[in-house]
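Visitor: Input structure: final.pdb, which contains PDB, C-alpha atoms, pLDDT in the B column.
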ATOM      1  CA  MET A 290    -105.681-164.594 243.365  1.00 95.00           C
ATOM      2  CA  HIS A 291    -106.191-168.009 241.805  1.00 97.00           C
ATOM      3  CA  LEU A 292    -103.305-170.191 240.699  1.00 97.00           C
ATOM      4  CA  CYS A 293    -103.349-172.762 237.916  1.00 97.00           C
ATOM      5  CA  PHE A 294    -100.374-175.107 238.213  1.00 96.00           C
ATOM      6  CA  ILE A 295     -99.858-176.833 234.861  1.00 97.00           C
ATOM      7  CA  ASP A 296     -97.645-179.675 233.771  1.00 94.00           C
ATOM      8  CA  GLU A 297     -97.303-181.739 230.637  1.00 94.00           C
ATOM      9  CA  SER A 298     -97.029-185.484 230.082  1.00 89.00           C
ATOM     10  CA  GLY A 299     -93.420-185.577 228.982  1.00 87.00           C
ATOM     11  CA  THR A 300     -91.973-183.980 225.876  1.00 92.00           C
ATOM     12  CA  PRO A 301     -94.289-183.346 222.917  1.00 95.00           C
ATOM     13  CA  PRO A 302     -93.261-185.905 220.288  1.00 96.00           C
ATOM     14  CA  LYS A 303     -92.042-185.066 216.793  1.00 96.00           C
ATOM     15  CA  PRO A 304     -94.434-185.848 213.926  1.00 95.00           C
ATOM     16  CA  SER A 305     -92.395-188.943 213.050  1.00 95.00           C
ATOM     17  CA  LYS A 306     -92.964-190.309 216.593  1.00 93.00           C
ATOM     18  CA  SER A 307     -96.707-189.549 216.795  1.00 89.00           C
ATOM     19  CA  GLU A 308     -97.678-193.153 216.043  1.00 90.00           C
ATOM     20  CA  ARG A 309     -95.576-194.347 218.985  1.00 93.00           C
ATOM     21  CA  VAL A 310     -96.494-191.560 221.457  1.00 92.00           C
ATOM     22  CA  ARG A 311    -100.221-191.437 220.790  1.00 94.00           C
ATOM     23  CA  TYR A 312    -101.250-188.777 223.312  1.00 95.00           C
ATOM     24  CA  PHE A 313     -99.852-185.560 224.695  1.00 96.00           C
ATOM     25  CA  VAL A 314    -101.525-184.129 227.796  1.00 96.00           C
ATOM     26  CA  ILE A 315    -101.377-180.828 229.647  1.00 97.00           C
ATOM     27  CA  ALA A 316    -103.228-180.723 232.953  1.00 96.00           C
ATOM     28  CA  GLY A 317    -103.726-178.023 235.531  1.00 96.00           C
ATOM     29  CA  VAL A 318    -104.704-177.842 239.186  1.00 96.00           C
ATOM     30  CA  ILE A 319    -106.608-174.651 240.007  1.00 97.00           C
ATOM     31  CA  MET A 320    -106.726-173.341 243.552  1.00 96.00           C
ATOM     32  CA  HIS A 321    -107.086-170.080 245.407  1.00 95.00           C
ATOM     33  CA  GLU A 322    -103.815-168.752 246.785  1.00 95.00           C
ATOM     34  CA  ALA A 323    -105.146-169.142 250.326  1.00 94.00           C
ATOM     35  CA  GLN A 324    -105.256-172.930 249.837  1.00 94.00           C
ATOM     36  CA  TRP A 325    -101.645-173.255 248.768  1.00 92.00           C
ATOM     37  CA  HIS A 326    -100.065-173.595 252.229  1.00 95.00           C
ATOM     38  CA  GLY A 327    -102.644-176.103 253.479  1.00 94.00           C
ATOM     39  CA  ILE A 328    -102.227-178.314 250.425  1.00 95.00           C
ATOM     40  CA  ALA A 329     -98.426-178.038 250.508  1.00 94.00           C
ATOM     41  CA  ASP A 330     -98.383-178.930 254.229  1.00 96.00           C
ATOM     42  CA  GLU A 331    -100.621-181.973 253.674  1.00 96.00           C
ATOM     43  CA  VAL A 332     -98.450-183.236 250.813  1.00 96.00           C
ATOM     44  CA  LYS A 333     -95.318-182.707 252.923  1.00 97.00           C
ATOM     45  CA  ARG A 334     -96.812-184.694 255.828  1.00 97.00           C
ATOM     46  CA  LEU A 335     -97.854-187.440 253.413  1.00 97.00           C
ATOM     47  CA  ARG A 336     -94.362-187.639 251.888  1.00 97.00           C
ATOM     48  CA  ASN A 337     -92.788-187.856 255.353  1.00 97.00           C
ATOM     49  CA  ARG A 338     -95.118-190.531 256.693  1.00 97.00           C
ATOM     50  CA  PRO A 339     -93.062-193.485 257.963  1.00 97.00           C
ATOM     51  CA  ASP A 340     -94.708-195.901 255.525  1.00 97.00           C
ATOM     52  CA  PHE A 341     -93.945-193.656 252.508  1.00 97.00           C
ATOM     53  CA  GLN A 342     -90.756-191.579 253.091  1.00 97.00           C
ATOM     54  CA  VAL A 343     -90.798-190.054 249.583  1.00 97.00           C
ATOM     55  CA  LYS A 344     -87.903-187.709 248.783  1.00 95.00           C
ATOM     56  CA  GLY A 345     -87.408-185.808 245.533  1.00 92.00           C
ATOM     57  CA  GLU A 346     -89.767-184.860 242.734  1.00 90.00           C
ATOM     58  CA  ILE A 347     -93.000-186.785 242.292  1.00 90.00           C
ATOM     59  CA  LYS A 348     -93.800-187.562 238.676  1.00 87.00           C
ATOM     60  CA  TRP A 349     -96.873-189.525 237.676  1.00 82.00           C
ATOM     61  CA  ARG A 350     -94.827-191.827 235.451  1.00 84.00           C
ATOM     62  CA  TYR A 351     -92.885-192.967 238.518  1.00 91.00           C
ATOM     63  CA  PHE A 352     -95.949-194.872 239.717  1.00 88.00           C
ATOM     64  CA  GLY A 353     -95.756-197.378 236.879  1.00 83.00           C
ATOM     65  CA  THR A 354     -94.433-200.733 238.045  1.00 79.00           C
ATOM     66  CA  GLU A 355     -92.059-200.920 235.072  1.00 83.00           C
ATOM     67  CA  ASN A 356     -90.531-197.469 235.670  1.00 85.00           C
ATOM     68  CA  THR A 357     -86.770-197.715 236.268  1.00 85.00           C
ATOM     69  CA  ASP A 358     -85.829-194.010 236.112  1.00 89.00           C
ATOM     70  CA  ALA A 359     -82.781-193.330 238.274  1.00 90.00           C
ATOM     71  CA  ASP A 360     -84.553-190.345 239.888  1.00 92.00           C
ATOM     72  CA  ASN A 361     -87.754-192.270 240.661  1.00 94.00           C
ATOM     73  CA  SER A 362     -88.743-190.989 244.112  1.00 96.00           C
ATOM     74  CA  VAL A 363     -91.189-193.847 244.774  1.00 95.00           C
ATOM     75  CA  SER A 364     -89.018-196.744 243.534  1.00 93.00           C
ATOM     76  CA  HIS A 365     -88.539-197.945 247.112  1.00 94.00           C
ATOM     77  CA  LEU A 366     -92.298-198.526 247.502  1.00 94.00           C
ATOM     78  CA  LYS A 367     -93.991-201.773 246.504  1.00 92.00           C
ATOM     79  CA  ALA A 368     -96.803-201.486 243.906  1.00 90.00           C
ATOM     80  CA  GLY A 369     -99.593-201.457 246.524  1.00 93.00           C
ATOM     81  CA  LYS A 370     -97.884-198.683 248.509  1.00 95.00           C
ATOM     82  CA  ARG A 371     -97.281-196.663 245.309  1.00 93.00           C
ATOM     83  CA  ASP A 372    -100.977-196.900 244.525  1.00 94.00           C
ATOM     84  CA  GLU A 373    -101.902-195.873 248.071  1.00 96.00           C
ATOM     85  CA  PHE A 374     -99.515-192.892 247.981  1.00 97.00           C
ATOM     86  CA  ARG A 375    -100.862-191.796 244.575  1.00 94.00           C
ATOM     87  CA  ARG A 376    -104.493-192.065 245.779  1.00 95.00           C
ATOM     88  CA  GLU A 377    -103.736-190.068 248.909  1.00 96.00           C
ATOM     89  CA  ILE A 378    -102.001-187.281 246.969  1.00 94.00           C
ATOM     90  CA  PHE A 379    -104.967-187.103 244.619  1.00 92.00           C
ATOM     91  CA  ASP A 380    -107.322-187.045 247.621  1.00 95.00           C
ATOM     92  CA  VAL A 381    -105.496-184.027 249.050  1.00 94.00           C
ATOM     93  CA  MET A 382    -106.653-182.133 245.958  1.00 88.00           C
ATOM     94  CA  VAL A 383    -110.133-183.463 245.320  1.00 89.00           C
ATOM     95  CA  ARG A 384    -111.494-183.311 248.863  1.00 91.00           C
ATOM     96  CA  ARG A 385    -111.435-179.507 248.550  1.00 91.00           C
ATOM     97  CA  LYS A 386    -114.511-178.612 246.523  1.00 90.00           C
ATOM     98  CA  SER A 387    -112.984-175.373 245.297  1.00 89.00           C
ATOM     99  CA  VAL A 388    -109.909-177.076 243.797  1.00 95.00           C
ATOM    100  CA  LYS A 389    -110.468-177.879 240.135  1.00 95.00           C
ATOM    101  CA  ILE A 390    -108.512-180.100 237.794  1.00 95.00           C
ATOM    102  CA  VAL A 391    -108.521-179.354 234.067  1.00 97.00           C
ATOM    103  CA  ALA A 392    -106.767-181.172 231.246  1.00 97.00           C
ATOM    104  CA  CYS A 393    -106.431-181.370 227.504  1.00 98.00           C
ATOM    105  CA  VAL A 394    -105.609-184.737 225.966  1.00 97.00           C
ATOM    106  CA  ALA A 395    -104.377-184.330 222.397  1.00 97.00           C
ATOM    107  CA  SER A 396    -104.208-187.189 219.950  1.00 97.00           C
ATOM    108  CA  THR A 397    -100.774-186.634 218.443  1.00 97.00           C
ATOM    109  CA  VAL A 398    -101.717-188.237 215.119  1.00 96.00           C
ATOM    110  CA  ALA A 399    -104.895-186.139 214.776  1.00 97.00           C
ATOM    111  CA  ALA A 400    -103.077-182.961 215.812  1.00 97.00           C
ATOM    112  CA  TYR A 401    -100.301-183.482 213.253  1.00 97.00           C
ATOM    113  CA  ASN A 402    -102.956-184.047 210.574  1.00 97.00           C
ATOM    114  CA  THR A 403    -104.162-180.444 211.003  1.00 96.00           C
ATOM    115  CA  ARG A 404    -102.600-177.630 209.013  1.00 96.00           C
ATOM    116  CA  TYR A 405    -101.483-175.701 212.124  1.00 94.00           C
ATOM    117  CA  VAL A 406     -99.620-178.385 214.116  1.00 97.00           C
ATOM    118  CA  ASN A 407     -96.351-179.122 212.331  1.00 97.00           C
ATOM    119  CA  GLU A 408     -93.745-179.454 215.087  1.00 96.00           C
ATOM    120  CA  PRO A 409     -93.574-180.315 218.817  1.00 96.00           C
ATOM    121  CA  GLU A 410     -93.955-176.716 220.021  1.00 96.00           C
ATOM    122  CA  ASP A 411     -97.110-176.359 217.893  1.00 96.00           C
ATOM    123  CA  LEU A 412     -98.473-179.470 219.638  1.00 97.00           C
ATOM    124  CA  TYR A 413     -97.641-177.932 223.020  1.00 97.00           C
ATOM    125  CA  LYS A 414     -99.426-174.676 222.103  1.00 96.00           C
ATOM    126  CA  PHE A 415    -102.395-176.597 220.645  1.00 96.00           C
ATOM    127  CA  THR A 416    -102.785-178.474 223.952  1.00 97.00           C
ATOM    128  CA  TYR A 417    -102.062-175.463 226.190  1.00 97.00           C
ATOM    129  CA  LYS A 418    -104.798-173.250 224.718  1.00 94.00           C
ATOM    130  CA  PRO A 419    -107.844-175.246 225.949  1.00 96.00           C
ATOM    131  CA  VAL A 420    -106.358-175.549 229.446  1.00 97.00           C
ATOM    132  CA  SER A 421    -105.741-171.790 229.581  1.00 96.00           C
ATOM    133  CA  GLU A 422    -109.306-171.159 228.355  1.00 95.00           C
ATOM    134  CA  ARG A 423    -110.808-173.423 231.032  1.00 96.00           C
ATOM    135  CA  PHE A 424    -108.878-171.472 233.661  1.00 97.00           C
ATOM    136  CA  GLN A 425    -110.298-168.221 232.272  1.00 95.00           C
ATOM    137  CA  TYR A 426    -113.832-169.664 232.381  1.00 95.00           C
ATOM    138  CA  HIS A 427    -113.248-170.760 235.975  1.00 96.00           C
ATOM    139  CA  LEU A 428    -112.173-167.217 236.885  1.00 96.00           C
ATOM    140  CA  GLN A 429    -115.250-165.769 235.146  1.00 95.00           C
ATOM    141  CA  ASP A 430    -117.545-168.184 237.017  1.00 95.00           C
ATOM    142  CA  MET A 431    -115.886-167.341 240.331  1.00 95.00           C
ATOM    143  CA  SER A 432    -116.252-163.627 239.600  1.00 95.00           C
ATOM    144  CA  ARG A 433    -119.993-164.083 239.062  1.00 95.00           C
ATOM    145  CA  SER A 434    -120.302-166.174 242.242  1.00 93.00           C
ATOM    146  CA  VAL A 435    -118.517-163.755 244.561  1.00 94.00           C
ATOM    147  CA  GLY A 436    -119.579-160.533 242.828  1.00 95.00           C
ATOM    148  CA  ASP A 437    -116.033-159.267 242.398  1.00 96.00           C
ATOM    149  CA  THR A 438    -113.411-159.761 239.689  1.00 95.00           C
ATOM    150  CA  GLN A 439    -111.265-162.810 240.418  1.00 96.00           C
ATOM    151  CA  LEU A 440    -107.765-162.813 238.961  1.00 97.00           C
ATOM    152  CA  GLY A 441    -105.435-165.662 238.162  1.00 96.00           C
ATOM    153  CA  ILE A 442    -101.993-166.624 236.988  1.00 96.00           C
ATOM    154  CA  ILE A 443    -100.691-169.792 235.351  1.00 97.00           C
ATOM    155  CA  VAL A 444     -97.642-171.429 236.932  1.00 96.00           C
ATOM    156  CA  ALA A 445     -95.612-173.840 234.774  1.00 94.00           C
ATOM    157  CA  ASP A 446     -92.355-175.768 235.070  1.00 89.00           C
ATOM    158  CA  ASN A 447     -89.308-174.314 233.392  1.00 90.00           C
ATOM    159  CA  ARG A 448     -88.702-176.328 230.215  1.00 90.00           C
ATOM    160  CA  GLY A 449     -85.616-174.513 228.933  1.00 90.00           C
ATOM    161  CA  LYS A 450     -85.015-170.944 227.763  1.00 93.00           C
ATOM    162  CA  LYS A 451     -86.040-171.414 224.124  1.00 94.00           C
ATOM    163  CA  GLN A 452     -89.200-173.379 224.967  1.00 93.00           C
ATOM    164  CA  ASP A 453     -90.109-170.988 227.798  1.00 93.00           C
ATOM    165  CA  ASP A 454     -89.743-168.009 225.450  1.00 94.00           C
ATOM    166  CA  VAL A 455     -92.022-169.695 222.891  1.00 93.00           C
ATOM    167  CA  LEU A 456     -94.633-170.462 225.588  1.00 93.00           C
ATOM    168  CA  ARG A 457     -94.451-166.954 227.029  1.00 93.00           C
ATOM    169  CA  LYS A 458     -94.941-165.455 223.548  1.00 93.00           C
ATOM    170  CA  HIS A 459     -97.861-167.821 222.850  1.00 92.00           C
ATOM    171  CA  HIS A 460     -99.432-167.002 226.230  1.00 92.00           C
ATOM    172  CA  HIS A 461     -99.219-163.267 225.548  1.00 91.00           C
ATOM    173  CA  GLY A 462    -100.595-163.823 222.043  1.00 88.00           C
ATOM    174  CA  LEU A 463    -103.664-165.512 223.530  1.00 88.00           C
ATOM    175  CA  ILE A 464    -104.171-162.723 226.050  1.00 88.00           C
ATOM    176  CA  ASP A 465    -103.688-159.907 223.522  1.00 86.00           C
ATOM    177  CA  ASP A 466    -105.541-161.501 220.583  1.00 78.00           C
ATOM    178  CA  GLU A 467    -109.095-160.460 219.874  1.00 74.00           C
ATOM    179  CA  ASN A 468    -110.852-162.790 217.458  1.00 70.00           C
ATOM    180  CA  MET A 469    -113.751-165.188 217.549  1.00 63.00           C
ATOM    181  CA  PHE A 470    -111.523-168.263 217.969  1.00 66.00           C
ATOM    182  CA  VAL A 471    -109.779-167.074 221.139  1.00 64.00           C
ATOM    183  CA  SER A 472    -111.221-166.472 224.598  1.00 72.00           C
ATOM    184  CA  THR A 473    -110.908-163.071 226.141  1.00 83.00           C
ATOM    185  CA  TYR A 474    -108.477-163.461 229.010  1.00 88.00           C
ATOM    186  CA  THR A 475    -109.706-160.512 231.060  1.00 90.00           C
ATOM    187  CA  ASN A 476    -109.151-162.246 234.401  1.00 93.00           C
ATOM    188  CA  TYR A 477    -105.500-163.106 233.876  1.00 91.00           C
ATOM    189  CA  VAL A 478    -102.621-161.408 235.554  1.00 88.00           C
ATOM    190  CA  GLU A 479    -100.728-160.783 232.342  1.00 77.00           C
ATOM    191  CA  THR A 480     -97.764-163.121 232.280  1.00 82.00           C
ATOM    192  CA  ILE A 481     -97.155-166.799 232.875  1.00 89.00           C
ATOM    193  CA  PHE A 482     -94.985-167.667 235.866  1.00 90.00           C
ATOM    194  CA  LEU A 483     -92.231-170.153 234.964  1.00 85.00           C
TER     195      LEU A 483
END
Could you write out this file's structure as structure tokens?

Guide:
Amino acid sequence: MHLCFIDESGTPPKPSKSERVRYFVIAGVIMHEAQWHGIADEVKRLRNRPDFQVKGEIKWRYFGTENTDADNSVSHLKAGKRDEFRREIFDVMVRRKSVKIVACVASTVAAYNTRYVNEPEDLYKFTYKPVSERFQYHLQDMSRSVGDTQLGIIVADNRGKKQDDVLRKHHHGLIDDENMFVSTYTNYVETIFL
């Protein structure tokens, strides 16, 4: 089983805020289930290193020198140490050749100028689709390489009941839809794990 852990770059902005929040990003880290414990153990050791001592959630925005969020788990680190910690976390992922990182960067202005992106949840769905397709293509490629069907599931943060229901419905719509503009998601375990 392959896992694709996805996360978004904050809240998708409303159309009126698209000039100010120019990009919305959804990224995913793809790994085989067997790698999960090794990666989690390495990140835990890194967090607990005496020169880091990072407690709480790690968000990429916390690494900015101007970030003053109350929950910032790296606020106690000087800029150089933040950069070192960020590089080492990234290295935990990329030194494993089988771990893949996929992302979709959506221009909010361009997206809202289409006829099908009219509200923040449309922007989320618009950005989610290419990431989910890349995961499907990864599973197809792995299936060809190993000669056996490789399955996968997407794991996402809980964003709230209403938003999760919309994402779950969209996810199932992609899997169940059969048209020339949608990938066939034959390698997915049906649902999204929130």

Visitor: Around the point (-104.4, -183.4, 224.1) (coordinates from the file), which residues reach within 12 Å if we count all atoms listed in the file? Answer as a PyMOL selection string.

Guide: chain A and resi 297-298+301+310-316+391-401+411-420

Visitor: Using the chain letters and numbers from the file, give me the residues hit by the PyMOL selection byres ((chain A and resi 374) around 10), as a list in words.

Guide: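 That expression, the PyMOL selection byres ((chain A and resi 374) around 10), corresponds here to Leu335, Arg336, Asp340, Phe341, Val343, Phe352, Val363, Leu366, Ala368, Gly369, Lys370, Arg371, Asp372, Glu373, Arg375, Arg376, Glu377, Ile378, Phe379 and Asp380 of chain A.
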
Visitor: Report the residues retrieved by the PyMOL selection byres ((chain A and resi 448) around 12) from the displayed file, expressed as a PDB file with C-alpha atoms, in the frame of the given file.

Guide:
ATOM      1  CA  ASP A 296     -97.645-179.675 233.771  1.00 94.00           C
ATOM      2  CA  GLU A 297     -97.303-181.739 230.637  1.00 94.00           C
ATOM      3  CA  GLY A 299     -93.420-185.577 228.982  1.00 87.00           C
ATOM      4  CA  THR A 300     -91.973-183.980 225.876  1.00 92.00           C
ATOM      5  CA  PRO A 301     -94.289-183.346 222.917  1.00 95.00           C
ATOM      6  CA  GLU A 410     -93.955-176.716 220.021  1.00 96.00           C
ATOM      7  CA  TYR A 413     -97.641-177.932 223.020  1.00 97.00           C
ATOM      8  CA  ALA A 445     -95.612-173.840 234.774  1.00 94.00           C
ATOM      9  CA  ASP A 446     -92.355-175.768 235.070  1.00 89.00           C
ATOM     10  CA  ASN A 447     -89.308-174.314 233.392  1.00 90.00           C
ATOM     11  CA  GLY A 449     -85.616-174.513 228.933  1.00 90.00           C
ATOM     12  CA  LYS A 450     -85.015-170.944 227.763  1.00 93.00           C
ATOM     13  CA  LYS A 451     -86.040-171.414 224.124  1.00 94.00           C
ATOM     14  CA  GLN A 452     -89.200-173.379 224.967  1.00 93.00           C
ATOM     15  CA  ASP A 453     -90.109-170.988 227.798  1.00 93.00           C
ATOM     16  CA  ASP A 454     -89.743-168.009 225.450  1.00 94.00           C
ATOM     17  CA  VAL A 455     -92.022-169.695 222.891  1.00 93.00           C
ATOM     18  CA  LEU A 456     -94.633-170.462 225.588  1.00 93.00           C
ATOM     19  CA  ARG A 457     -94.451-166.954 227.029  1.00 93.00           C
ATOM     20  CA  LEU A 483     -92.231-170.153 234.964  1.00 85.00           C
TER      21      LEU A 483
END

Visitor: Quick one, how far is atom CA of Val381 of chain A from atom CA of Lys344 of chain A?

Guide: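 Straight-line distance from atom CA of Val381 of chain A to atom CA of Lys344 of chain A works out to 18.0 Å.
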
Visitor: Can you tell me how far atom CA of Ser364 of chain A sits from atom CA of Ser307 of chain A, in Å to one decimal?

Guide: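 So the two atoms, atom CA of Ser364 of chain A and atom CA of Ser307 of chain A, lie 28.7 Å apart.
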
Visitor: The PyMOL selection byres ((chain A and resi 426) around 12) - which residues does that actually catch in the file I just gave you? List them as an MDAnalysis selection string.

Guide: chainID A and resid 319 389 391 419:425 427:433 439:441 472:477

Visitor: From the set A:Leu292, A:Pro409, A:Val435, A:Arg384, which residue has the shortest atom-to-atom contact distance to Trp325 of chain A, counting only C-alpha atoms?

Guide: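 Result for the nearest residue to Trp325 of chain A: A:Leu292.
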
Visitor: Measure the distance from atom CA of Gly345 of chain A to atom CA of His326 of chain A in Å and round it to one decimal.

Guide: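 According to the coordinates, atom CA of Gly345 of chain A and atom CA of His326 of chain A are separated by 18.8 Å.
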